[in-house]
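Colleague: This is the content of upload_20.txt (compact mmCIF, C-alpha atoms):
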```txt
# COMPACT_ATOMS: atom_id res chain seq x y z
CA MET Y 1 -100.66 -52.62 -3.77
CA LYS Y 2 -97.71 -53.29 -1.48
CA ASP Y 3 -95.03 -51.68 -3.63
CA LEU Y 4 -97.19 -49.06 -5.33
CA LYS Y 5 -95.80 -45.54 -4.95
CA LEU Y 6 -98.87 -43.39 -4.66
CA THR Y 7 -96.78 -40.21 -4.85
CA SER Y 8 -95.48 -41.16 -8.29
CA PRO Y 9 -96.90 -38.84 -10.98
CA SER Y 10 -97.30 -41.81 -13.32
CA VAL Y 11 -99.23 -43.81 -10.72
CA ILE Y 12 -101.43 -40.81 -9.92
CA SER Y 13 -102.13 -40.30 -13.61
CA SER Y 14 -102.90 -43.99 -14.07
CA LEU Y 15 -105.43 -44.06 -11.23
CA ILE Y 16 -107.05 -40.83 -12.40
CA GLU Y 17 -107.41 -42.26 -15.92
CA GLU Y 18 -108.62 -45.69 -14.76
CA TYR Y 19 -111.42 -44.21 -12.67
CA ASP Y 20 -112.07 -41.21 -14.94
CA PHE Y 21 -111.53 -38.93 -11.95
CA LYS Y 22 -112.04 -35.19 -12.40
CA PHE Y 23 -110.34 -32.74 -10.04
CA SER Y 24 -112.73 -30.40 -8.27
CA LYS Y 25 -111.58 -26.80 -7.89
CA SER Y 26 -114.39 -26.17 -5.41
CA LEU Y 27 -112.98 -28.91 -3.13
CA GLY Y 28 -109.41 -27.67 -3.49
CA GLN Y 29 -108.05 -31.04 -4.60
CA ASN Y 30 -104.29 -31.31 -5.10
CA PHE Y 31 -102.50 -34.66 -4.73
CA LEU Y 32 -98.99 -34.78 -3.27
CA ALA Y 33 -96.44 -36.17 -5.72
CA ASP Y 34 -93.26 -36.22 -3.64
CA GLU Y 35 -92.15 -39.14 -1.49
CA ASN Y 36 -89.70 -37.08 0.59
CA ILE Y 37 -92.40 -34.61 1.62
CA LEU Y 38 -94.72 -37.50 2.43
CA ARG Y 39 -92.08 -38.90 4.79
CA LYS Y 40 -91.61 -35.48 6.43
CA ILE Y 41 -95.34 -35.26 7.11
CA ILE Y 42 -95.37 -38.72 8.65
CA ASP Y 43 -92.19 -38.15 10.67
CA SER Y 44 -93.55 -34.89 12.08
CA ALA Y 45 -96.60 -36.74 13.43
CA LEU Y 46 -94.32 -38.83 15.68
CA LEU Y 47 -96.30 -41.97 14.89
CA ASN Y 48 -95.94 -45.35 16.59
CA SER Y 49 -97.62 -48.75 16.44
CA GLU Y 50 -100.10 -47.88 19.20
CA ASP Y 51 -101.38 -44.68 17.58
CA MET Y 52 -104.84 -44.12 16.15
CA VAL Y 53 -105.13 -41.49 13.44
CA LEU Y 54 -107.91 -39.43 11.90
CA GLU Y 55 -107.10 -38.34 8.36
CA ILE Y 56 -109.13 -35.67 6.58
CA GLY Y 57 -109.28 -35.62 2.78
CA PRO Y 58 -107.23 -38.74 1.92
CA GLY Y 59 -107.52 -38.17 -1.84
CA ILE Y 60 -106.16 -41.28 -3.55
CA GLY Y 61 -104.77 -42.60 -0.27
CA ALA Y 62 -101.02 -41.93 -0.48
CA LEU Y 63 -100.79 -40.62 3.08
CA THR Y 64 -103.40 -43.10 4.32
CA PHE Y 65 -101.48 -46.05 2.91
CA ALA Y 66 -98.15 -44.91 4.38
CA ILE Y 67 -99.62 -44.17 7.82
CA SER Y 68 -101.40 -47.53 7.94
CA ASN Y 69 -98.01 -49.25 7.70
CA ILE Y 70 -97.08 -47.73 11.07
CA VAL Y 71 -100.11 -47.21 13.28
CA ASN Y 72 -102.82 -49.28 14.93
CA LYS Y 73 -105.78 -47.64 13.18
CA VAL Y 74 -106.56 -45.01 10.53
CA VAL Y 75 -109.97 -43.43 9.98
CA ALA Y 76 -110.05 -41.43 6.75
CA VAL Y 77 -112.89 -39.01 6.00
CA GLU Y 78 -113.32 -38.14 2.32
CA ILE Y 79 -115.98 -35.72 1.07
CA ASP Y 80 -115.67 -36.61 -2.65
CA LYS Y 81 -117.73 -39.72 -3.42
CA SER Y 82 -115.86 -40.27 -6.70
CA LEU Y 83 -112.64 -40.98 -4.75
CA ILE Y 84 -114.13 -43.81 -2.69
CA PRO Y 85 -113.63 -46.51 -5.39
CA ILE Y 86 -109.98 -45.47 -5.74
CA LEU Y 87 -109.48 -45.63 -1.98
CA ASP Y 88 -111.17 -49.04 -1.88
CA LYS Y 89 -108.65 -50.31 -4.43
CA VAL Y 90 -105.58 -48.69 -2.91
CA LEU Y 91 -106.47 -49.70 0.65
CA LYS Y 92 -107.77 -53.18 -0.14
CA ASN Y 93 -106.97 -55.69 2.63
CA ARG Y 94 -105.88 -52.88 4.97
CA ASP Y 95 -107.82 -54.12 7.98
CA ASN Y 96 -106.67 -51.20 10.13
CA VAL Y 97 -108.16 -48.57 7.79
CA SER Y 98 -111.76 -47.31 7.75
CA VAL Y 99 -112.87 -44.92 5.01
CA ILE Y 100 -115.87 -42.70 5.69
CA HIS Y 101 -117.61 -40.75 2.95
CA GLY Y 102 -118.62 -37.46 4.54
CA ASP Y 103 -117.96 -33.80 5.27
CA ILE Y 104 -115.70 -33.37 8.30
CA LEU Y 105 -117.54 -30.13 9.15
CA LYS Y 106 -120.91 -31.92 9.26
CA ILE Y 107 -119.99 -35.28 10.77
CA ASP Y 108 -120.79 -35.89 14.44
CA LEU Y 109 -117.19 -35.87 15.65
CA LYS Y 110 -118.03 -37.02 19.17
CA LYS Y 111 -119.82 -40.05 17.75
CA LEU Y 112 -116.92 -40.73 15.38
CA GLU Y 113 -114.50 -40.54 18.29
CA GLU Y 114 -116.56 -42.94 20.38
CA THR Y 115 -117.18 -45.40 17.53
CA TYR Y 116 -113.69 -45.63 16.07
CA PHE Y 117 -111.35 -44.52 18.86
CA GLN Y 118 -113.38 -45.50 21.95
CA LYS Y 119 -112.74 -41.98 23.29
CA LYS Y 120 -109.01 -42.77 23.58
CA PRO Y 121 -106.32 -40.27 22.50
CA PHE Y 122 -105.77 -40.00 18.76
CA LYS Y 123 -103.84 -37.89 16.26
CA VAL Y 124 -105.01 -35.98 13.22
CA VAL Y 125 -102.97 -35.90 10.00
CA ALA Y 126 -104.24 -34.22 6.86
CA ASN Y 127 -103.51 -32.34 3.67
CA LEU Y 128 -106.26 -29.80 4.25
CA PRO Y 129 -108.27 -28.07 1.51
CA TYR Y 130 -106.96 -24.51 1.63
CA TYR Y 131 -110.34 -22.82 1.38
CA ILE Y 132 -111.61 -24.27 4.69
CA THR Y 133 -108.40 -24.80 6.66
CA SER Y 134 -109.26 -22.57 9.62
CA PRO Y 135 -112.86 -23.82 10.05
CA ILE Y 136 -111.67 -27.43 10.10
CA ILE Y 137 -108.90 -26.79 12.63
CA MET Y 138 -111.15 -24.75 14.94
CA THR Y 139 -113.96 -27.30 14.69
CA LEU Y 140 -111.57 -30.04 15.78
CA LEU Y 141 -110.23 -27.95 18.67
CA GLU Y 142 -113.60 -26.70 19.87
CA SER Y 143 -115.30 -30.11 19.77
CA ASN Y 144 -113.60 -31.23 22.99
CA LEU Y 145 -112.10 -34.33 21.38
CA ASN Y 146 -109.30 -36.43 22.84
CA ILE Y 147 -106.71 -35.23 20.31
CA ASP Y 148 -103.10 -34.94 21.44
CA LEU Y 149 -101.35 -33.91 18.20
CA MET Y 150 -102.28 -32.66 14.75
CA VAL Y 151 -100.17 -32.33 11.60
CA PHE Y 152 -101.54 -30.43 8.63
CA THR Y 153 -100.37 -29.43 5.18
CA VAL Y 154 -101.77 -25.94 4.68
CA GLN Y 155 -101.24 -22.88 2.54
CA LYS Y 156 -97.92 -21.21 3.41
CA GLU Y 157 -99.61 -17.94 4.40
CA VAL Y 158 -102.01 -19.79 6.71
CA ALA Y 159 -99.12 -21.56 8.40
CA GLN Y 160 -97.50 -18.19 9.02
CA ARG Y 161 -100.72 -16.88 10.56
CA LEU Y 162 -101.06 -19.91 12.82
CA THR Y 163 -97.56 -19.42 14.22
CA ALA Y 164 -97.13 -15.61 14.14
CA LEU Y 165 -95.92 -13.54 17.09
CA PRO Y 166 -97.66 -10.42 18.48
CA GLY Y 167 -97.01 -7.35 16.36
CA ASN Y 168 -96.37 -9.37 13.21
CA LYS Y 169 -98.58 -8.58 10.20
CA ASP Y 170 -99.70 -12.24 10.13
CA TYR Y 171 -100.79 -12.17 13.78
CA GLY Y 172 -104.57 -12.38 14.13
CA ALA Y 173 -107.53 -13.86 15.96
CA ILE Y 174 -106.76 -17.35 14.61
CA THR Y 175 -103.21 -17.08 15.98
CA VAL Y 176 -104.47 -16.34 19.49
CA ALA Y 177 -107.06 -19.12 19.27
CA ILE Y 178 -104.49 -21.68 18.12
CA ASN Y 179 -102.10 -20.57 20.87
CA TYR Y 180 -104.87 -21.02 23.44
CA TYR Y 181 -105.37 -24.66 22.47
CA CYS Y 182 -101.98 -25.69 21.07
CA GLN Y 183 -98.27 -25.20 20.69
CA ALA Y 184 -97.82 -24.56 16.97
CA GLU Y 185 -94.73 -24.82 14.79
CA ILE Y 186 -93.89 -24.90 11.10
CA ILE Y 187 -92.07 -28.11 10.23
CA THR Y 188 -91.18 -27.41 6.61
CA TYR Y 189 -92.25 -25.42 3.56
CA ILE Y 190 -93.44 -27.16 0.40
CA SER Y 191 -93.16 -25.95 -3.18
CA ARG Y 192 -96.35 -25.79 -5.23
CA ASN Y 193 -94.51 -27.83 -7.86
CA VAL Y 194 -94.87 -31.14 -5.97
CA PHE Y 195 -98.67 -31.29 -6.28
CA ILE Y 196 -100.93 -32.55 -9.04
CA PRO Y 197 -102.49 -30.33 -10.27
CA LYS Y 198 -100.15 -27.51 -9.26
CA PRO Y 199 -101.89 -25.00 -6.95
CA ASN Y 200 -101.33 -21.26 -7.17
CA VAL Y 201 -99.63 -21.08 -3.77
CA ASP Y 202 -96.84 -22.76 -1.82
CA SER Y 203 -97.61 -24.85 1.25
CA ALA Y 204 -96.22 -25.72 4.66
CA VAL Y 205 -96.45 -28.55 7.14
CA VAL Y 206 -97.52 -27.39 10.59
CA ARG Y 207 -97.58 -29.38 13.82
CA LEU Y 208 -100.03 -28.52 16.57
CA ILE Y 209 -99.40 -30.15 19.93
CA VAL Y 210 -102.63 -29.88 21.90
CA ARG Y 211 -102.10 -28.42 25.37
CA GLU Y 212 -103.25 -30.30 28.46
CA GLN Y 213 -104.21 -26.91 29.91
CA PRO Y 214 -104.52 -23.50 28.21
CA PRO Y 215 -101.62 -21.10 28.91
CA VAL Y 216 -104.02 -18.62 30.59
CA LYS Y 217 -106.84 -18.94 33.11
CA LEU Y 218 -110.07 -17.30 32.03
CA LYS Y 219 -113.12 -16.23 33.98
CA ASP Y 220 -115.23 -16.27 30.81
CA GLU Y 221 -113.93 -18.09 27.73
CA ALA Y 222 -116.69 -16.73 25.46
CA LEU Y 223 -115.90 -13.16 26.52
CA PHE Y 224 -112.20 -13.74 25.90
CA PHE Y 225 -112.72 -14.93 22.33
CA ASN Y 226 -115.26 -12.21 21.63
CA LEU Y 227 -112.73 -9.64 22.81
CA VAL Y 228 -110.00 -11.13 20.61
CA LYS Y 229 -112.25 -11.18 17.53
CA THR Y 230 -113.34 -7.61 18.21
CA VAL Y 231 -109.79 -6.31 18.51
CA PHE Y 232 -108.72 -7.85 15.22
CA LYS Y 233 -111.92 -6.81 13.47
CA TYR Y 234 -110.87 -3.23 14.21
CA ARG Y 235 -107.13 -3.85 14.08
CA ARG Y 236 -106.38 -0.40 12.61
CA LYS Y 237 -107.91 1.29 15.64
CA THR Y 238 -106.28 1.78 19.03
CA LEU Y 239 -107.16 -0.78 21.66
CA LEU Y 240 -109.39 1.73 23.43
CA ASN Y 241 -111.33 2.62 20.29
CA ALA Y 242 -111.62 -0.97 19.11
CA LEU Y 243 -113.04 -2.19 22.41
CA SER Y 244 -115.31 0.77 23.00
CA HIS Y 245 -116.70 0.41 19.49
CA GLY Y 246 -116.79 -3.37 19.25
CA LEU Y 247 -117.94 -4.24 22.76
CA GLU Y 248 -120.23 -1.22 22.98
CA PHE Y 249 -118.89 0.22 26.24
CA LYS Y 250 -121.14 3.09 27.27
CA ASP Y 251 -118.42 4.71 29.36
CA LYS Y 252 -115.23 5.10 27.33
CA ASP Y 253 -113.44 6.80 30.23
CA HIS Y 254 -114.20 3.84 32.45
CA LEU Y 255 -112.74 1.48 29.83
CA GLU Y 256 -109.63 3.65 29.52
CA ASN Y 257 -109.11 3.54 33.29
CA LEU Y 258 -109.64 -0.19 33.31
CA LEU Y 259 -106.86 -0.69 30.74
CA ILE Y 260 -104.51 1.66 32.58
CA ASN Y 261 -105.18 -0.13 35.88
CA VAL Y 262 -104.11 -3.49 34.43
CA GLY Y 263 -100.95 -1.92 33.00
CA ILE Y 264 -101.92 -1.83 29.33
CA ASP Y 265 -101.64 1.35 27.27
CA PRO Y 266 -105.09 2.19 25.80
CA MET Y 267 -103.34 3.70 22.75
CA ARG Y 268 -101.67 0.43 21.76
CA ARG Y 269 -103.00 -1.44 18.78
CA GLY Y 270 -104.64 -4.72 19.69
CA GLU Y 271 -102.44 -6.68 17.30
CA THR Y 272 -99.50 -6.10 19.67
CA LEU Y 273 -101.19 -7.86 22.61
CA SER Y 274 -100.01 -11.26 23.78
CA ILE Y 275 -102.48 -13.97 24.76
CA GLU Y 276 -101.66 -13.22 28.40
CA GLU Y 277 -102.61 -9.57 27.93
CA PHE Y 278 -105.86 -10.48 26.21
CA ALA Y 279 -106.63 -12.70 29.20
CA ILE Y 280 -105.84 -9.93 31.69
CA ILE Y 281 -108.23 -7.53 29.94
CA SER Y 282 -110.94 -10.18 29.55
CA ASN Y 283 -110.77 -11.21 33.21
CA ARG Y 284 -110.84 -7.61 34.39
CA ILE Y 285 -113.88 -6.77 32.24
CA LYS Y 286 -115.64 -9.87 33.61
CA SER Y 287 -114.93 -8.69 37.16
CA VAL Y 288 -116.49 -5.27 36.63
```
Take the structure in the file and write it out as structure tokens.

Modeller:
Amino acid sequence: MKDLKLTSPSVISSLIEEYDFKFSKSLGQNFLADENILRKIIDSALLNSEDMVLEIGPGIGALTFAISNIVNKVVAVEIDKSLIPILDKVLKNRDNVSVIHGDILKIDLKKLEETYFQKKPFKVVANLPYYITSPIIMTLLESNLNIDLMVFTVQKEVAQRLTALPGNKDYGAITVAINYYCQAEIITYISRNVFIPKPNVDSAVVRLIVREQPPVKLKDEALFFNLVKTVFKYRRKTLLNALSHGLEFKDKDHLENLLINVGIDPMRRGETLSIEEFAIISNRIKSV
């Protein structure tokens, strides 16, 4: 399989026919058929020979195969059992690749980390199923794993939400959460025409560099994220109304004074707040 181009439409078609593979709409399966985009994904992950990589949803193994030429170890988690025989063929004799049949949202990630990476730093590279992009990313970030960088191919609109600035229509709770854990950037946009089958949306490659420390200090992390979710749940309301309604403050006047005292206009909409301002409000509420 040394010279096999797994991004070639003819090779993809041949493998699909050989193994009688059927694409699953429910799993959001779309295989990349563009070598240049594949290289951009790999380059954006800043890979070297010492790296260990977790890949989610390897498909027929195009990205897996290319990454394994560079790094020390690849662990690929594939939910679709019917793709395992194809991966076994494509990755045959790749001693630095382990393929796991499983659901990344149900696997014990701490055990996986200990078993395959010995709790050492690793990277995550994946063409994520669009319907569960955010749950996968947040699960990885909230599992306290030793990840230092992640590169994902995601739906274009999701990429814009992950990297949006305060006040932008794409700015939301997921933006603040990602900013808390990572520095996020869009590497490149990808046309829907380079996937088989062609999806209904365009895509983007995003890079998330995991922070050593969050950009804000919090007195209560759970309160902070609850506050953020509440504000964006009622994003059409003023900050004062959103918080008084969502957090069930009995004394609205007290809440208004609290916001004024920390220098934040109660009449602002929550979607204009920076992560630093969310932290200021959260810490002040915790101190009351």

Colleague: Please identify all polymer residues within 8 Å of stretch 257-262 of chain Y, counting all atoms listed in the file, omitting same-chain residues fewer than 2 positions from it, and present them as a VMD selection string.

Modeller: chain Y and resid 253 to 255 264 to 266 280 to 281 284 to 285

Colleague: Residues near stretch 269-271 of chain Y, anyone? I mean within 6 Å using only C-alpha atoms, not counting same-chain ones fewer than 6 positions away, as an MDAnalysis selection string.

Modeller: chainID Y and resid 167 231 238:239

Colleague: Using only C-alpha atoms, pick whichever of Y:Ile41, Y:Ile86, Y:Leu46, Y:Leu91 has the shortest atom-to-atom distance to Y:Glu17.

Modeller: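 Looking at the shortest contact to Y:Glu17, the residue is Y:Ile86.
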
Colleague: Taking all listed atoms of stretch 56-63 of chain Y, build the axis-aligned box, pad each of the six sides by 8 Å, then write its centre and edge lengths in Å to one decimal as lines of an AutoDock Vina configuration file.

Modeller:
```
center_x = -105.0
center_y = -39.1
center_z = 1.5
size_x = 24.5
size_y = 23.0
size_z = 26.1
```

Colleague: How many Å lie between atom CA of Y:Ile100 and atom CA of Y:Pro9, rounded to one decimal?

Modeller: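 Rounded to one decimal, the two atoms are 25.5 Å apart.
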
Colleague: Pick from Y:His101, Y:Ile190, Y:Val206, Y:Ala173: nearest to Y:Asn36, with all atoms listed in the file counted?

Modeller: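 Once distances to Y:Asn36 are computed over all atoms listed in the file, the minimum belongs to Y:Ile190.
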
Colleague: Just checking: using only C-alpha atoms, which residue out of Y:Met138, Y:Leu6, Y:Leu145, Y:Pro85 ends up closest to Y:Lys111?

Modeller: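 Nearest candidate to Y:Lys111 out of Y:Met138, Y:Leu6, Y:Leu145, Y:Pro85: Y:Leu145.
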
Colleague: Work out how far atom CA of Y:Val77 is from atom CA of Y:Val201, in Å to one decimal.

Modeller: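 Between these atoms lies a distance of 24.3 Å.
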
Colleague: Can you work out which one of Y:Ser282, Y:Thr115, Y:Thr64, Y:Thr163 has the shortest atom-to-atom distance to Y:Lys92, counting all atoms listed in the file?

Modeller: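 The shortest atom-to-atom distance to Y:Lys92 comes from Y:Thr64.
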
Colleague: Tell me, in Å to one decimal, how far atom CA of Y:Asn93 is from atom CA of Y:Ile16.

Modeller: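 It comes out at 21.1 Å.
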
Colleague: Find the residues near Y:Glu221: any atom within 10 Å, counting only C-alpha atoms, skip ones fewer than 5 places away on the same chain, and give them as a PyMOL selection string.

Modeller: chain Y and resi 226-227+279+282-283

Colleague: Find, counting all atoms listed in the file, the residue in Y:Leu247, Y:Leu128, Y:Val71, Y:Ile104 that gets nearest to Y:Gly59.

Modeller: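 Smallest separation from Y:Gly59 among the options: Y:Leu128.
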
Colleague: Leaving out Y:Leu141 and any residue of its chain fewer than 4 positions from it, which residues lie within 12 Å of it when counting only C-alpha atoms, given as an mmCIF file with C-alpha atoms, keeping the file's coordinate frame?

Modeller:
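See around33.cif below for the written result:
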```cif
data_model
loop_
_atom_site.group_PDB
_atom_site.id
_atom_site.type_symbol
_atom_site.label_atom_id
_atom_site.label_comp_id
_atom_site.auth_asym_id
_atom_site.auth_seq_id
_atom_site.Cartn_x
_atom_site.Cartn_y
_atom_site.Cartn_z
ATOM 1 C CA LEU Y 109 -117.190 -35.870 15.650
ATOM 2 C CA LYS Y 110 -118.030 -37.020 19.170
ATOM 3 C CA VAL Y 124 -105.010 -35.980 13.220
ATOM 4 C CA SER Y 134 -109.260 -22.570 9.620
ATOM 5 C CA PRO Y 135 -112.860 -23.820 10.050
ATOM 6 C CA ILE Y 136 -111.670 -27.430 10.100
ATOM 7 C CA ILE Y 137 -108.900 -26.790 12.630
ATOM 8 C CA LEU Y 145 -112.100 -34.330 21.380
ATOM 9 C CA ASN Y 146 -109.300 -36.430 22.840
ATOM 10 C CA ILE Y 147 -106.710 -35.230 20.310
ATOM 11 C CA ASP Y 148 -103.100 -34.940 21.440
ATOM 12 C CA LEU Y 149 -101.350 -33.910 18.200
ATOM 13 C CA MET Y 150 -102.280 -32.660 14.750
ATOM 14 C CA ILE Y 174 -106.760 -17.350 14.610
ATOM 15 C CA ALA Y 177 -107.060 -19.120 19.270
ATOM 16 C CA ILE Y 178 -104.490 -21.680 18.120
ATOM 17 C CA ASN Y 179 -102.100 -20.570 20.870
ATOM 18 C CA TYR Y 180 -104.870 -21.020 23.440
ATOM 19 C CA TYR Y 181 -105.370 -24.660 22.470
ATOM 20 C CA CYS Y 182 -101.980 -25.690 21.070
ATOM 21 C CA LEU Y 208 -100.030 -28.520 16.570
ATOM 22 C CA ILE Y 209 -99.400 -30.150 19.930
ATOM 23 C CA VAL Y 210 -102.630 -29.880 21.900
ATOM 24 C CA ARG Y 211 -102.100 -28.420 25.370
ATOM 25 C CA PRO Y 214 -104.520 -23.500 28.210
#
```

Colleague: Find, counting all atoms listed in the file, the residue in Y:Lys252, Y:Leu105, Y:Phe278, Y:Val99 that gets nearest to Y:Glu142.

Modeller: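 Closest to Y:Glu142 of all the choices is Y:Leu105.
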
Colleague: Skip Y:Arg235 itself and residues of its chain fewer than 5 positions away, then list as a count of residues only all residues within 12 Å of it, counting only C-alpha atoms.

Modeller: 22

Colleague: For a cut-off of 9 Å around (-102.5, -53.8, 13.0), file coordinates, pick out all residues using only C-alpha atoms and list them as a compact mmCIF listing (two decimals) with C-alpha atoms, in the coordinates of the input.

Modeller:
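To be explicit, this is the file written out as result.txt:
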```txt
# COMPACT_ATOMS: atom_id res chain seq x y z
CA SER Y 49 -97.62 -48.75 16.44
CA GLU Y 50 -100.10 -47.88 19.20
CA SER Y 68 -101.40 -47.53 7.94
CA ASN Y 69 -98.01 -49.25 7.70
CA ILE Y 70 -97.08 -47.73 11.07
CA VAL Y 71 -100.11 -47.21 13.28
CA ASN Y 72 -102.82 -49.28 14.93
CA LYS Y 73 -105.78 -47.64 13.18
CA ARG Y 94 -105.88 -52.88 4.97
CA ASP Y 95 -107.82 -54.12 7.98
CA ASN Y 96 -106.67 -51.20 10.13
```

Colleague: Regenerate stretch 187-208 of chain Y at the level of N, CA and C atoms and dump it as a PDB file, in the frame of the given file.

Modeller:
```
ATOM      1  N   ILE Y 187     -93.071 -27.055  10.383  1.00  0.00           N
ATOM      2  CA  ILE Y 187     -92.070 -28.110  10.230  1.00  0.00           C
ATOM      3  C   ILE Y 187     -91.231 -27.908   8.971  1.00  0.00           C
ATOM      4  N   THR Y 188     -91.900 -27.615   7.868  1.00  0.00           N
ATOM      5  CA  THR Y 188     -91.180 -27.410   6.610  1.00  0.00           C
ATOM      6  C   THR Y 188     -92.092 -26.699   5.612  1.00  0.00           C
ATOM      7  N   TYR Y 189     -91.495 -26.037   4.648  1.00  0.00           N
ATOM      8  CA  TYR Y 189     -92.250 -25.420   3.560  1.00  0.00           C
ATOM      9  C   TYR Y 189     -92.232 -26.350   2.354  1.00  0.00           C
ATOM     10  N   ILE Y 190     -93.288 -26.263   1.540  1.00  0.00           N
ATOM     11  CA  ILE Y 190     -93.440 -27.160   0.400  1.00  0.00           C
ATOM     12  C   ILE Y 190     -93.703 -26.347  -0.865  1.00  0.00           C
ATOM     13  N   SER Y 191     -92.957 -26.623  -1.905  1.00  0.00           N
ATOM     14  CA  SER Y 191     -93.160 -25.950  -3.180  1.00  0.00           C
ATOM     15  C   SER Y 191     -94.479 -26.386  -3.817  1.00  0.00           C
ATOM     16  N   ARG Y 192     -95.117 -25.468  -4.495  1.00  0.00           N
ATOM     17  CA  ARG Y 192     -96.350 -25.790  -5.230  1.00  0.00           C
ATOM     18  C   ARG Y 192     -96.109 -26.805  -6.340  1.00  0.00           C
ATOM     19  N   ASN Y 193     -94.841 -26.975  -6.732  1.00  0.00           N
ATOM     20  CA  ASN Y 193     -94.510 -27.830  -7.860  1.00  0.00           C
ATOM     21  C   ASN Y 193     -94.602 -29.328  -7.563  1.00  0.00           C
ATOM     22  N   VAL Y 194     -94.823 -29.713  -6.302  1.00  0.00           N
ATOM     23  CA  VAL Y 194     -94.870 -31.140  -5.970  1.00  0.00           C
ATOM     24  C   VAL Y 194     -96.309 -31.633  -5.813  1.00  0.00           C
ATOM     25  N   PHE Y 195     -97.267 -30.870  -6.323  1.00  0.00           N
ATOM     26  CA  PHE Y 195     -98.670 -31.290  -6.280  1.00  0.00           C
ATOM     27  C   PHE Y 195     -99.228 -31.446  -7.678  1.00  0.00           C
ATOM     28  N   ILE Y 196    -100.187 -32.347  -7.795  1.00  0.00           N
ATOM     29  CA  ILE Y 196    -100.930 -32.550  -9.040  1.00  0.00           C
ATOM     30  C   ILE Y 196    -102.418 -32.357  -8.739  1.00  0.00           C
ATOM     31  N   PRO Y 197    -103.069 -31.391  -9.434  1.00  0.00           N
ATOM     32  CA  PRO Y 197    -102.490 -30.330 -10.270  1.00  0.00           C
ATOM     33  C   PRO Y 197    -101.767 -29.306  -9.390  1.00  0.00           C
ATOM     34  N   LYS Y 198    -100.929 -28.489 -10.015  1.00  0.00           N
ATOM     35  CA  LYS Y 198    -100.150 -27.510  -9.260  1.00  0.00           C
ATOM     36  C   LYS Y 198    -101.059 -26.387  -8.784  1.00  0.00           C
ATOM     37  N   PRO Y 199    -101.090 -26.128  -7.463  1.00  0.00           N
ATOM     38  CA  PRO Y 199    -101.890 -25.000  -6.950  1.00  0.00           C
ATOM     39  C   PRO Y 199    -101.200 -23.679  -7.246  1.00  0.00           C
ATOM     40  N   ASN Y 200    -101.881 -22.593  -6.917  1.00  0.00           N
ATOM     41  CA  ASN Y 200    -101.330 -21.260  -7.170  1.00  0.00           C
ATOM     42  C   ASN Y 200    -100.481 -20.739  -6.021  1.00  0.00           C
ATOM     43  N   VAL Y 201    -100.355 -21.532  -4.960  1.00  0.00           N
ATOM     44  CA  VAL Y 201     -99.630 -21.080  -3.770  1.00  0.00           C
ATOM     45  C   VAL Y 201     -98.696 -22.182  -3.278  1.00  0.00           C
ATOM     46  N   ASP Y 202     -97.693 -21.784  -2.498  1.00  0.00           N
ATOM     47  CA  ASP Y 202     -96.840 -22.760  -1.820  1.00  0.00           C
ATOM     48  C   ASP Y 202     -97.517 -23.202  -0.522  1.00  0.00           C
ATOM     49  N   SER Y 203     -96.984 -24.252   0.061  1.00  0.00           N
ATOM     50  CA  SER Y 203     -97.610 -24.850   1.250  1.00  0.00           C
ATOM     51  C   SER Y 203     -96.617 -24.971   2.385  1.00  0.00           C
ATOM     52  N   ALA Y 204     -97.087 -25.456   3.507  1.00  0.00           N
ATOM     53  CA  ALA Y 204     -96.220 -25.720   4.660  1.00  0.00           C
ATOM     54  C   ALA Y 204     -96.845 -26.826   5.493  1.00  0.00           C
ATOM     55  N   VAL Y 205     -95.985 -27.544   6.181  1.00  0.00           N
ATOM     56  CA  VAL Y 205     -96.450 -28.550   7.140  1.00  0.00           C
ATOM     57  C   VAL Y 205     -96.370 -27.928   8.527  1.00  0.00           C
ATOM     58  N   VAL Y 206     -97.498 -27.931   9.238  1.00  0.00           N
ATOM     59  CA  VAL Y 206     -97.520 -27.390  10.590  1.00  0.00           C
ATOM     60  C   VAL Y 206     -97.882 -28.499  11.578  1.00  0.00           C
ATOM     61  N   ARG Y 207     -97.256 -28.432  12.745  1.00  0.00           N
ATOM     62  CA  ARG Y 207     -97.580 -29.380  13.820  1.00  0.00           C
ATOM     63  C   ARG Y 207     -98.201 -28.626  14.980  1.00  0.00           C
ATOM     64  N   LEU Y 208     -99.335 -29.108  15.437  1.00  0.00           N
ATOM     65  CA  LEU Y 208    -100.030 -28.520  16.570  1.00  0.00           C
ATOM     66  C   LEU Y 208    -100.083 -29.552  17.695  1.00  0.00           C
TER      67      LEU Y 208
END
```
